[in-house]
>>> print(open('coords_5.cif').read())   # mmCIF, C-alpha atoms and all ligand atoms
data_structure
#
loop_
_atom_site.label_atom_id
_atom_site.label_comp_id
_atom_site.auth_asym_id
_atom_site.auth_seq_id
_atom_site.Cartn_x
_atom_site.Cartn_y
_atom_site.Cartn_z
CA MET A 264 90.08 98.30 40.41
CA SER A 265 93.79 97.78 39.81
CA ARG A 266 95.14 94.37 40.74
CA GLU A 267 98.43 95.54 42.16
CA LYS A 268 99.14 93.42 45.20
CA VAL A 269 99.88 95.30 48.41
CA LEU A 270 99.94 92.48 50.93
CA GLU A 271 100.28 88.71 50.85
CA VAL A 272 99.67 86.78 54.07
CA ARG A 273 100.36 83.06 54.24
CA ASN A 274 99.63 80.59 57.04
CA LEU A 275 99.78 83.15 59.80
CA SER A 276 99.36 81.61 63.25
CA LYS A 277 99.44 83.03 66.74
CA VAL A 278 99.34 80.97 69.92
CA TYR A 279 99.17 82.68 73.30
CA GLY A 280 100.80 80.42 75.88
CA LYS A 281 103.56 77.84 75.67
CA GLY A 282 101.75 75.75 73.05
CA CYS A 283 102.07 72.01 72.45
CA ALA A 284 102.12 69.60 69.51
CA LYS A 285 98.34 69.09 69.80
CA CYS A 286 97.23 72.74 69.89
CA PHE A 287 96.25 73.08 66.24
CA ASP A 288 94.54 69.69 65.93
CA SER A 289 92.52 70.20 69.12
CA THR A 290 91.13 73.67 68.45
CA GLY A 291 89.08 75.44 65.80
CA PRO A 292 85.44 75.49 64.70
CA GLU A 293 85.07 71.70 64.66
CA HIS A 294 86.14 71.61 68.32
CA ASN A 295 84.12 74.69 69.29
CA THR A 296 87.06 76.22 71.08
CA ASN A 297 90.30 78.11 70.56
CA ILE A 298 91.73 76.83 73.86
CA CYS A 299 93.94 73.78 73.64
CA PRO A 300 92.55 71.10 76.05
CA HIS A 301 96.05 69.64 76.49
CA CYS A 302 98.11 72.69 77.43
CA GLY A 303 95.57 75.51 77.91
CA SER A 304 97.17 77.77 75.30
CA VAL A 305 94.92 80.01 73.18
CA VAL A 306 95.14 79.45 69.44
CA ALA A 307 94.10 82.99 68.54
CA ALA A 308 94.79 82.58 64.82
CA HIS A 309 95.82 79.64 62.67
CA ASN A 310 96.63 79.30 58.99
CA ILE A 311 95.38 82.75 58.07
CA SER A 312 96.09 83.42 54.38
CA PHE A 313 94.85 86.22 52.15
CA ASP A 314 95.92 88.80 49.57
CA LEU A 315 95.12 92.50 49.55
CA TYR A 316 95.21 94.72 46.48
CA LYS A 317 95.72 98.44 45.93
CA GLY A 318 92.54 100.44 46.54
CA GLU A 319 90.74 97.45 48.01
CA ILE A 320 88.90 97.23 51.33
CA LEU A 321 89.05 93.75 52.83
CA GLY A 322 86.64 93.01 55.67
CA VAL A 323 87.60 90.70 58.53
CA MET A 324 84.44 89.61 60.30
CA GLY A 325 83.63 87.26 63.17
CA GLU A 326 82.32 87.34 66.69
CA SER A 327 84.30 88.51 69.68
CA GLY A 328 87.39 86.36 70.31
CA SER A 329 87.47 84.83 66.81
CA GLY A 330 90.97 86.22 66.18
CA LYS A 331 90.28 89.24 64.01
CA SER A 332 92.37 91.76 65.95
CA THR A 333 95.18 89.28 66.55
CA SER A 334 95.50 88.69 62.81
CA VAL A 335 95.75 92.41 62.06
CA ASN A 336 97.92 93.26 65.07
CA ASN A 337 100.53 90.80 63.81
CA LEU A 338 100.77 92.74 60.57
CA PHE A 339 101.12 96.07 62.37
CA PHE A 340 103.81 94.56 64.65
CA ASP A 341 101.74 95.00 67.83
CA VAL A 342 101.98 91.22 68.28
CA MET A 343 104.66 88.72 67.14
CA PRO A 344 103.28 85.75 65.20
CA THR A 345 104.04 82.16 66.16
CA SER A 346 104.52 81.22 62.50
CA GLY A 347 103.66 82.28 58.98
CA GLN A 348 104.75 84.79 56.35
CA ALA A 349 103.55 88.20 55.30
CA THR A 350 104.92 90.22 52.38
CA PHE A 351 104.27 93.92 51.90
CA PHE A 352 104.76 95.26 48.36
CA ASP A 353 105.58 98.95 48.19
CA ASP A 354 106.98 101.06 45.36
CA GLY A 355 108.75 98.15 43.69
CA LYS A 356 110.15 96.95 47.03
CA GLN A 357 109.15 93.84 48.94
CA TYR A 358 109.23 93.51 52.72
CA ASP A 359 109.12 90.16 54.49
CA LEU A 360 107.27 91.59 57.49
CA PHE A 361 108.17 88.97 60.07
CA SER A 362 111.91 89.07 59.33
CA LEU A 363 112.39 92.83 59.68
CA ASN A 364 114.54 94.37 62.38
CA ALA A 365 113.09 96.90 64.86
CA GLN A 366 114.21 99.90 62.81
CA GLN A 367 112.62 98.59 59.60
CA LYS A 368 109.39 97.84 61.46
CA ARG A 369 109.37 101.36 62.88
CA HIS A 370 109.88 102.76 59.40
CA LEU A 371 106.87 100.90 58.00
CA ARG A 372 104.66 101.76 60.98
CA ASN A 373 105.59 105.43 60.87
CA HIS A 374 105.59 105.97 57.11
CA ARG A 375 103.81 103.27 55.15
CA PHE A 376 101.12 101.87 57.47
CA GLY A 377 98.28 103.59 59.28
CA MET A 378 96.28 102.12 62.15
CA VAL A 379 92.99 103.29 63.59
CA TYR A 380 92.03 101.50 66.80
CA GLN A 381 88.60 101.06 68.37
CA ASN A 382 89.93 102.77 71.47
CA PRO A 383 91.32 106.20 70.50
CA ILE A 384 93.59 106.16 73.53
CA LEU A 385 95.72 103.56 71.70
CA GLY A 386 96.07 105.69 68.58
CA LEU A 387 96.24 109.19 70.03
CA ASN A 388 98.44 110.87 72.58
CA PHE A 389 95.84 112.36 74.93
CA ASN A 390 98.41 114.72 76.46
CA VAL A 391 99.08 116.45 73.16
CA SER A 392 96.66 118.63 71.15
CA ALA A 393 94.81 117.26 68.12
CA GLY A 394 97.11 119.22 65.83
CA GLY A 395 100.12 118.08 67.84
CA ASN A 396 99.11 114.45 67.38
CA ILE A 397 99.21 114.88 63.63
CA ALA A 398 102.43 116.91 63.83
CA GLU A 399 104.07 114.03 65.75
CA ARG A 400 103.50 111.79 62.75
CA LEU A 401 104.43 114.45 60.20
CA LEU A 402 107.72 115.06 62.00
CA MET A 403 108.66 111.50 61.07
CA THR A 404 108.45 112.49 57.40
CA ASN A 405 110.60 115.08 55.65
CA LEU A 406 108.48 117.96 56.94
CA THR A 407 110.35 119.92 59.58
CA ASN A 408 109.13 123.45 59.03
CA TYR A 409 106.60 124.51 61.70
CA ARG A 410 104.33 126.39 59.28
CA GLU A 411 104.28 123.57 56.74
CA ILE A 412 103.47 121.02 59.42
CA ARG A 413 100.67 123.15 60.81
CA GLU A 414 99.23 123.71 57.33
CA ARG A 415 99.31 120.00 56.56
CA ALA A 416 97.67 119.25 59.93
CA ILE A 417 94.93 121.78 59.13
CA THR A 418 94.37 120.16 55.72
CA LEU A 419 94.08 116.73 57.31
CA LEU A 420 91.71 117.91 60.03
CA ARG A 421 89.55 119.66 57.43
CA ARG A 422 89.59 116.47 55.37
CA THR A 423 88.28 114.50 58.31
CA GLU A 424 85.84 117.27 59.24
CA VAL A 425 87.32 118.21 62.58
CA LEU A 426 86.82 121.89 63.35
CA THR A 427 90.26 123.41 62.89
CA GLU A 428 89.40 126.00 65.57
CA ARG A 429 89.76 123.09 68.01
CA MET A 430 93.10 121.78 66.76
CA ASP A 431 94.96 123.15 69.77
CA GLU A 432 92.67 121.34 72.21
CA MET A 433 93.47 117.98 73.77
CA PRO A 434 91.61 115.04 72.19
CA LYS A 435 90.40 113.99 75.64
CA ASN A 436 87.95 116.94 75.45
CA PHE A 437 86.49 115.62 72.19
CA SER A 438 83.50 113.35 71.61
CA GLY A 439 84.18 109.72 70.63
CA GLY A 440 83.36 110.45 66.99
CA MET A 441 85.72 113.41 66.88
CA GLN A 442 88.48 111.39 68.50
CA GLN A 443 88.06 108.80 65.75
CA ARG A 444 88.27 111.54 63.12
CA VAL A 445 91.52 112.84 64.63
CA GLN A 446 92.85 109.26 64.73
CA ILE A 447 91.99 108.86 61.04
CA ALA A 448 93.62 112.22 60.22
CA LYS A 449 96.75 111.12 62.09
CA ALA A 450 96.82 107.74 60.36
CA LEU A 451 96.51 109.44 56.95
CA ALA A 452 99.22 112.02 57.65
CA THR A 453 101.90 110.12 55.75
CA ASN A 454 99.58 109.02 52.88
CA PRO A 455 100.10 105.36 53.80
CA PRO A 456 99.37 102.79 51.09
CA LEU A 457 98.03 100.40 53.77
CA LEU A 458 95.54 101.29 56.48
CA PHE A 459 94.26 99.03 59.27
CA LEU A 460 90.91 99.89 60.86
CA ASP A 461 89.98 97.86 63.95
CA GLU A 462 86.32 98.22 65.05
CA VAL A 463 86.56 101.96 64.44
CA THR A 464 82.83 102.64 64.75
CA THR A 465 82.03 100.25 67.60
CA GLY A 466 80.46 102.07 70.53
CA LEU A 467 79.62 105.25 68.62
CA ASP A 468 76.09 106.61 68.07
CA LEU A 469 74.50 105.36 64.85
CA SER A 470 74.58 108.76 63.14
CA VAL A 471 78.24 109.24 64.12
CA GLN A 472 79.00 105.72 62.86
CA ALA A 473 77.40 106.53 59.51
CA ALA A 474 79.45 109.72 59.15
CA ILE A 475 82.73 107.92 59.94
CA LEU A 476 81.90 105.16 57.45
CA ASP A 477 81.13 107.80 54.80
CA LEU A 478 84.50 109.38 55.50
CA ILE A 479 86.30 106.05 55.08
CA MET A 480 84.51 105.44 51.77
CA GLU A 481 85.43 108.91 50.54
CA ILE A 482 89.07 108.35 51.46
CA GLN A 483 89.06 105.07 49.58
CA ARG A 484 87.51 106.71 46.52
CA GLU A 485 90.00 109.54 46.38
CA SER A 486 93.17 107.65 47.34
CA GLU A 487 94.42 104.21 46.40
CA THR A 488 94.85 103.20 50.02
CA ALA A 489 94.33 99.51 50.64
CA MET A 490 92.43 98.90 53.86
CA ILE A 491 91.76 96.01 56.20
CA VAL A 492 88.60 96.62 58.19
CA VAL A 493 88.10 94.47 61.27
CA THR A 494 84.57 94.38 62.59
CA HIS A 495 81.88 92.20 64.11
CA ASP A 496 79.28 94.46 62.46
CA LEU A 497 77.77 93.11 59.27
CA GLY A 498 76.50 96.57 58.34
CA VAL A 499 80.07 97.88 58.26
CA ILE A 500 81.15 94.94 56.10
CA ARG A 501 78.23 95.41 53.74
CA LEU A 502 79.00 99.09 53.26
CA LEU A 503 82.79 99.07 53.06
CA ALA A 504 84.29 95.75 52.09
CA GLY A 505 84.56 94.41 48.55
CA ARG A 506 85.87 91.08 49.83
CA THR A 507 85.43 89.56 53.25
CA ILE A 508 87.04 86.96 55.46
CA VAL A 509 84.87 85.31 58.13
CA MET A 510 86.71 84.00 61.19
CA LYS A 511 85.72 81.61 63.94
CA TYR A 512 87.87 80.19 66.74
CA GLY A 513 91.01 81.55 65.10
CA ARG A 514 90.34 80.07 61.64
CA ILE A 515 89.08 81.50 58.37
CA ILE A 516 85.85 79.63 57.76
CA GLU A 517 84.67 81.51 54.69
CA THR A 518 86.13 84.01 52.27
CA GLY A 519 84.97 85.68 49.06
CA LEU A 520 83.21 88.67 47.58
CA THR A 521 81.17 90.39 50.28
CA ASP A 522 77.99 90.40 48.17
CA GLN A 523 78.27 86.66 47.65
CA ILE A 524 78.96 85.96 51.30
CA LEU A 525 76.00 88.05 52.42
CA GLU A 526 73.61 86.76 49.78
CA ASP A 527 74.63 83.13 49.78
CA PRO A 528 76.72 82.26 52.85
CA GLN A 529 78.09 78.74 52.58
CA ASP A 530 79.14 78.08 56.14
CA ALA A 531 76.43 77.47 58.77
CA TYR A 532 78.08 79.96 61.12
CA THR A 533 78.09 82.69 58.47
CA GLN A 534 74.49 81.83 57.65
CA ARG A 535 73.59 82.43 61.31
CA LEU A 536 75.56 85.70 61.42
CA VAL A 537 73.83 86.95 58.28
CA ALA A 538 70.38 85.80 59.44
CA SER A 539 70.80 87.46 62.84
CA ALA A 540 71.52 90.80 61.17
CA LEU A 541 68.40 90.75 58.99
N1 LIG B 1 97.58 88.88 75.09
C1 LIG B 1 96.78 87.83 75.06
N2 LIG B 1 97.01 86.78 75.87
C2 LIG B 1 96.22 85.67 75.86
N3 LIG B 1 95.15 85.54 75.05
C3 LIG B 1 94.88 86.54 74.22
C4 LIG B 1 95.66 87.75 74.18
N4 LIG B 1 95.13 88.57 73.25
C5 LIG B 1 94.07 87.93 72.73
N5 LIG B 1 93.91 86.72 73.32
C6 LIG B 1 92.88 85.72 73.00
O1 LIG B 1 92.98 85.42 71.61
C7 LIG B 1 91.68 85.18 71.08
C8 LIG B 1 91.46 86.08 69.89
O2 LIG B 1 91.40 87.44 70.36
P1 LIG B 1 91.19 88.67 69.37
O3 LIG B 1 91.22 89.91 70.19
O4 LIG B 1 92.11 88.55 68.23
O5 LIG B 1 89.71 88.40 68.86
P2 LIG B 1 88.73 89.37 68.12
O6 LIG B 1 88.01 88.54 67.13
O7 LIG B 1 89.45 90.56 67.62
O8 LIG B 1 87.74 89.77 69.29
P3 LIG B 1 87.24 91.21 69.76
O9 LIG B 1 86.30 91.65 68.69
O10 LIG B 1 86.56 90.93 71.07
O11 LIG B 1 88.47 92.06 69.90
C9 LIG B 1 90.69 85.41 72.21
O12 LIG B 1 90.35 84.16 72.78
C10 LIG B 1 91.47 86.24 73.21
O13 LIG B 1 91.03 86.01 74.52
#
>>> encode(input="coords_5.cif", output="structure tokens", more="lines below")
Ligand SMILES: Nc1ncnc2c1ncn2[C@@H]1O[C@H](COP(=O)(O)OP(=O)(O)OP(=O)(O)O)[C@@H](O)[C@H]1O
Amino acid sequence: MSREKVLEVRNLSKVYGKGCAKCFDSTGPEHNTNICPHCGSVVAAHNISFDLYKGEILGVMGESGSGKSTSVNNLFFDVMPTSGQATFFDDGKQYDLFSLNAQQKRHLRNHRFGMVYQNPILGLNFNVSAGGNIAERLLMTNLTNYREIRERAITLLRRTEVLTERMDEMPKNFSGGMQQRVQIAKALATNPPLLFLDEVTTGLDLSVQAAILDLIMEIQRESETAMIVVTHDLGVIRLLAGRTIVMKYGRIIETGLTDQILEDPQDAYTQRLVASAL
């Protein structure tokens, strides 16, 4: 795997609420809470640091409420961080993500990042056809010709194994698995170098989950897209992620190669997570 850095995150923190001077020292795994006892604010993420390389899939694992989504949503600009830095490296350019203006953020979201949410309603426009959803994203690129856009949408839907006969139907008529495939097709429309996947198989039937995970692995093999996969599911981590971060009460409690973490977890919490999945 190439070691070209795509993303560098340093000391990212997010507090929901007004916050106080004691928030960080009074929360975290050693306090068994992410709620500050002094001011009631939620320390959703604190001191999150990691690097991501081209072609790599990084897993972010932890139980519900541990801060996984918050950490990723900061990077996709869905949430504003309380503090920290994140640098995105793209085509010889460097972007300090948390200092960008609204237009620059829009540019990265529309052209260079892709996001697939657990809930397809967040990633798809349910009032527009499947093909139209992809066209919306393609229109943000240089493609303006109707036929070219439709052909590219067909290619993407074929790639994600959505029947192209159904491309003019609304995604609300589709099964959950198909909605996820359309979301993935839409996210890939601009060939983004960075893709965020947040619990994308949660709630789907096991066989549908397996097919979506296969698709993600195929995409990784054939493109150099770097991905961050957020999940509470150890099976997803095992299959997809080369390296993994384990979070608890807003902190990273363990990080390393996925094989190592699963075979020899160092932290007691990770040991319990791994044991419970056996
Ligand atoms: N808008 C918000 N306002 C207040 N608290 C929030 C908000 N969003 C998230 N939180 C809190 O931040 C903490 C981390 O939430 P987050 O969604 O990042 O966790 P998660 O690990 O992704 O969990 P899940 O898998 O359930 O989504 C939780 O305690 C959550 O209740």
>>> residues_near_ligand(input="coords_5.cif", ligand="ligand LIG 1 (chain B)", cutoff="6 Å", atoms="all atoms listed in the file", output="PyMOL selection string")
chain A and resi 279+305+307+326-333
>>> residues_near_point(input="coords_5.cif", point="(109.7, 90.8, 59.6)", cutoff="10 Å", atoms="only C-alpha atoms", output="list of chain:residue names")
A:Leu338, A:Phe340, A:Met343, A:Pro344, A:Gln348, A:Ala349, A:Thr350, A:Phe351, A:Tyr358, A:Asp359, A:Leu360, A:Phe361, A:Ser362, A:Leu363, A:Asn364, A:Ala365, A:Gln367, A:Lys368
>>> residues_around(input="coords_5.cif", residues="segment 428-439 of chain A", least_positions_apart="6", cutoff="9 Å", atoms="only C-alpha atoms", output="PyMOL selection string")
chain A and resi 383-384+387-396+416-417+420+445+466-467+471
>>> closest_residue(input="coords_5.cif", among="A:Leu270, A:His309, A:Asp522, A:Leu476", to="Pro292 of chain A", atoms="only C-alpha atoms")
A:His309
>>> closest_residue(input="coords_5.cif", among="A:Ala452, A:Cys283, A:Ala538, A:Ala504", to="Gly519 of chain A", atoms="all atoms listed in the file")
A:Ala504
>>> closest_residue(input="coords_5.cif", among="A:Ile412, A:Ile524, A:Ile479, A:Ala398", to="Thr464 of chain A", atoms="all atoms listed in the file")
A:Ile479
>>> atom_distance(input="coords_5.cif", atom1="atom CA of Asp288 of chain A", atom2="atom CA of Gly322 of chain A")
26.7 Å
>>> atom_distance(input="coords_5.cif", atom1="atom CA of Cys299 of chain A", atom2="atom CA of Ile508 of chain A")
23.5 Å
>>> closest_residue(input="coords_5.cif", among="A:Asp461, A:Glu293, A:Glu399, A:Asp354", to="Ser334 of chain A", atoms="all atoms listed in the file")
A:Asp461
>>> closest_residue(input="coords_5.cif", among="A:Tyr409, A:Phe339, A:Phe287, A:Phe376", to="Asn454 of chain A", atoms="only C-alpha atoms")
A:Phe376
>>> atom_distance(input="coords_5.cif", atom1="atom CA of Ile320 of chain A", atom2="atom CA of Val335 of chain A")
13.6 Å
>>> closest_residue(input="coords_5.cif", among="A:Met403, A:Met324, A:Ala284, A:Leu478", to="Arg421 of chain A", atoms="only C-alpha atoms")
A:Leu478
>>> residues_around(input="coords_5.cif", residues="Ile311 of chain A", least_positions_apart="4", cutoff="10 Å", atoms="only C-alpha atoms", output="list in words")
Val272, Arg273, Asn274, Leu275, Ser276, Lys277, Gly330, Ser334, Gly347, Gln348, Ile508, Met510, Gly513, Arg514 and Ile515 of chain A
>>> residues_near_point(input="coords_5.cif", point="(80.9, 94.2, 53.8)", cutoff="10 Å", atoms="only C-alpha atoms", output="list in words")
Ile320, Leu321, Gly322, Val323, Met324, Val492, Thr494, Asp496, Leu497, Gly498, Val499, Ile500, Arg501, Leu502, Leu503, Ala504, Gly505, Arg506, Thr507, Ile508, Leu520, Thr521, Asp522, Ile524 and Leu525 of chain A
>>> residues_around(input="coords_5.cif", residues="Thr465 of chain A", least_positions_apart="3", cutoff="9 Å", atoms="all atoms listed in the file", output="JSON, numbers by chain")
{"A": [381, 462, 468, 472, 494, 495, 496]}
>>> decode(input="coords_5.cif", residues="segment 354-441 of chain A", atoms="C-alpha atoms", output="mmCIF file, in the first residue's frame")
data_model
loop_
_atom_site.group_PDB
_atom_site.id
_atom_site.type_symbol
_atom_site.label_atom_id
_atom_site.label_comp_id
_atom_site.auth_asym_id
_atom_site.auth_seq_id
_atom_site.Cartn_x
_atom_site.Cartn_y
_atom_site.Cartn_z
ATOM 1 C CA ASP A 354 -3.248 16.647 -5.479
ATOM 2 C CA GLY A 355 -0.298 18.526 -4.003
ATOM 3 C CA LYS A 356 -2.618 20.904 -2.121
ATOM 4 C CA GLN A 357 -3.202 21.059 1.608
ATOM 5 C CA TYR A 358 -6.457 22.110 3.244
ATOM 6 C CA ASP A 359 -6.687 23.123 6.889
ATOM 7 C CA LEU A 360 -10.235 21.789 7.238
ATOM 8 C CA PHE A 361 -11.358 23.809 10.236
ATOM 9 C CA SER A 362 -10.207 27.157 8.813
ATOM 10 C CA LEU A 363 -12.004 26.924 5.472
ATOM 11 C CA ASN A 364 -14.774 29.287 4.463
ATOM 12 C CA ALA A 365 -18.246 27.994 3.528
ATOM 13 C CA GLN A 366 -17.480 27.944 -0.197
ATOM 14 C CA GLN A 367 -14.270 25.933 0.261
ATOM 15 C CA LYS A 368 -16.083 23.465 2.521
ATOM 16 C CA ARG A 369 -18.820 23.067 -0.085
ATOM 17 C CA HIS A 370 -16.187 22.424 -2.734
ATOM 18 C CA LEU A 371 -14.574 19.619 -0.731
ATOM 19 C CA ARG A 372 -17.926 18.061 0.213
ATOM 20 C CA ASN A 373 -19.203 18.162 -3.350
ATOM 21 C CA HIS A 374 -16.046 17.146 -5.189
ATOM 22 C CA ARG A 375 -13.411 15.542 -2.997
ATOM 23 C CA PHE A 376 -15.297 13.840 -0.145
ATOM 24 C CA GLY A 377 -18.035 11.224 -0.213
ATOM 25 C CA MET A 378 -20.293 10.322 2.699
ATOM 26 C CA VAL A 379 -22.531 7.302 3.123
ATOM 27 C CA TYR A 380 -24.821 7.536 6.140
ATOM 28 C CA GLN A 381 -26.528 4.745 8.080
ATOM 29 C CA ASN A 382 -29.840 6.400 7.304
ATOM 30 C CA PRO A 383 -30.187 6.779 3.509
ATOM 31 C CA ILE A 384 -32.585 9.676 3.991
ATOM 32 C CA LEU A 385 -29.566 11.783 5.032
ATOM 33 C CA GLY A 386 -27.580 10.927 1.912
ATOM 34 C CA LEU A 387 -30.307 10.718 -0.715
ATOM 35 C CA ASN A 388 -32.989 13.071 -1.911
ATOM 36 C CA PHE A 389 -36.074 10.867 -1.647
ATOM 37 C CA ASN A 390 -38.073 13.183 -3.918
ATOM 38 C CA VAL A 391 -35.713 12.668 -6.842
ATOM 39 C CA SER A 392 -35.143 9.443 -8.815
ATOM 40 C CA ALA A 393 -32.105 7.239 -8.162
ATOM 41 C CA GLY A 394 -30.525 8.466 -11.393
ATOM 42 C CA GLY A 395 -31.453 12.041 -10.509
ATOM 43 C CA ASN A 396 -29.688 11.718 -7.163
ATOM 44 C CA ILE A 397 -26.471 10.828 -8.924
ATOM 45 C CA ALA A 398 -27.036 13.509 -11.577
ATOM 46 C CA GLU A 399 -27.354 16.116 -8.792
ATOM 47 C CA ARG A 400 -23.814 15.317 -7.725
ATOM 48 C CA LEU A 401 -22.473 15.038 -11.273
ATOM 49 C CA LEU A 402 -23.890 18.467 -12.104
ATOM 50 C CA MET A 403 -21.463 19.863 -9.542
ATOM 51 C CA THR A 404 -18.592 18.578 -11.683
ATOM 52 C CA ASN A 405 -17.776 19.662 -15.228
ATOM 53 C CA LEU A 406 -20.421 17.375 -16.717
ATOM 54 C CA THR A 407 -23.350 19.379 -18.040
ATOM 55 C CA ASN A 408 -24.470 17.362 -21.025
ATOM 56 C CA TYR A 409 -27.662 15.384 -20.279
ATOM 57 C CA ARG A 410 -26.569 12.264 -22.175
ATOM 58 C CA GLU A 411 -23.133 12.185 -20.577
ATOM 59 C CA ILE A 412 -24.610 12.590 -17.110
ATOM 60 C CA ARG A 413 -27.128 9.822 -17.708
ATOM 61 C CA GLU A 414 -24.425 7.508 -19.051
ATOM 62 C CA ARG A 415 -22.196 8.159 -16.058
ATOM 63 C CA ALA A 416 -25.147 7.568 -13.701
ATOM 64 C CA ILE A 417 -25.851 4.261 -15.463
ATOM 65 C CA THR A 418 -22.187 3.237 -15.095
ATOM 66 C CA LEU A 419 -22.251 4.059 -11.391
ATOM 67 C CA LEU A 420 -25.516 2.221 -10.788
ATOM 68 C CA ARG A 421 -24.195 -0.818 -12.659
ATOM 69 C CA ARG A 422 -21.022 -0.614 -10.586
ATOM 70 C CA THR A 423 -23.041 -0.743 -7.403
ATOM 71 C CA GLU A 424 -25.352 -3.409 -8.829
ATOM 72 C CA VAL A 425 -28.544 -1.392 -8.877
ATOM 73 C CA LEU A 426 -30.820 -2.441 -11.725
ATOM 74 C CA THR A 427 -30.551 0.399 -14.217
ATOM 75 C CA GLU A 428 -34.156 -0.303 -15.303
ATOM 76 C CA ARG A 429 -35.103 1.222 -11.946
ATOM 77 C CA MET A 430 -32.973 4.357 -12.181
ATOM 78 C CA ASP A 431 -35.993 6.566 -12.840
ATOM 79 C CA GLU A 432 -37.765 5.351 -9.699
ATOM 80 C CA MET A 433 -37.678 7.180 -6.379
ATOM 81 C CA PRO A 434 -35.297 5.640 -3.810
ATOM 82 C CA LYS A 435 -38.147 5.541 -1.285
ATOM 83 C CA ASN A 436 -39.526 2.566 -3.274
ATOM 84 C CA PHE A 437 -36.254 0.663 -2.868
ATOM 85 C CA SER A 438 -35.208 -1.841 -0.208
ATOM 86 C CA GLY A 439 -32.735 -0.689 2.465
ATOM 87 C CA GLY A 440 -29.880 -2.494 0.732
ATOM 88 C CA MET A 441 -30.661 -0.885 -2.604
#
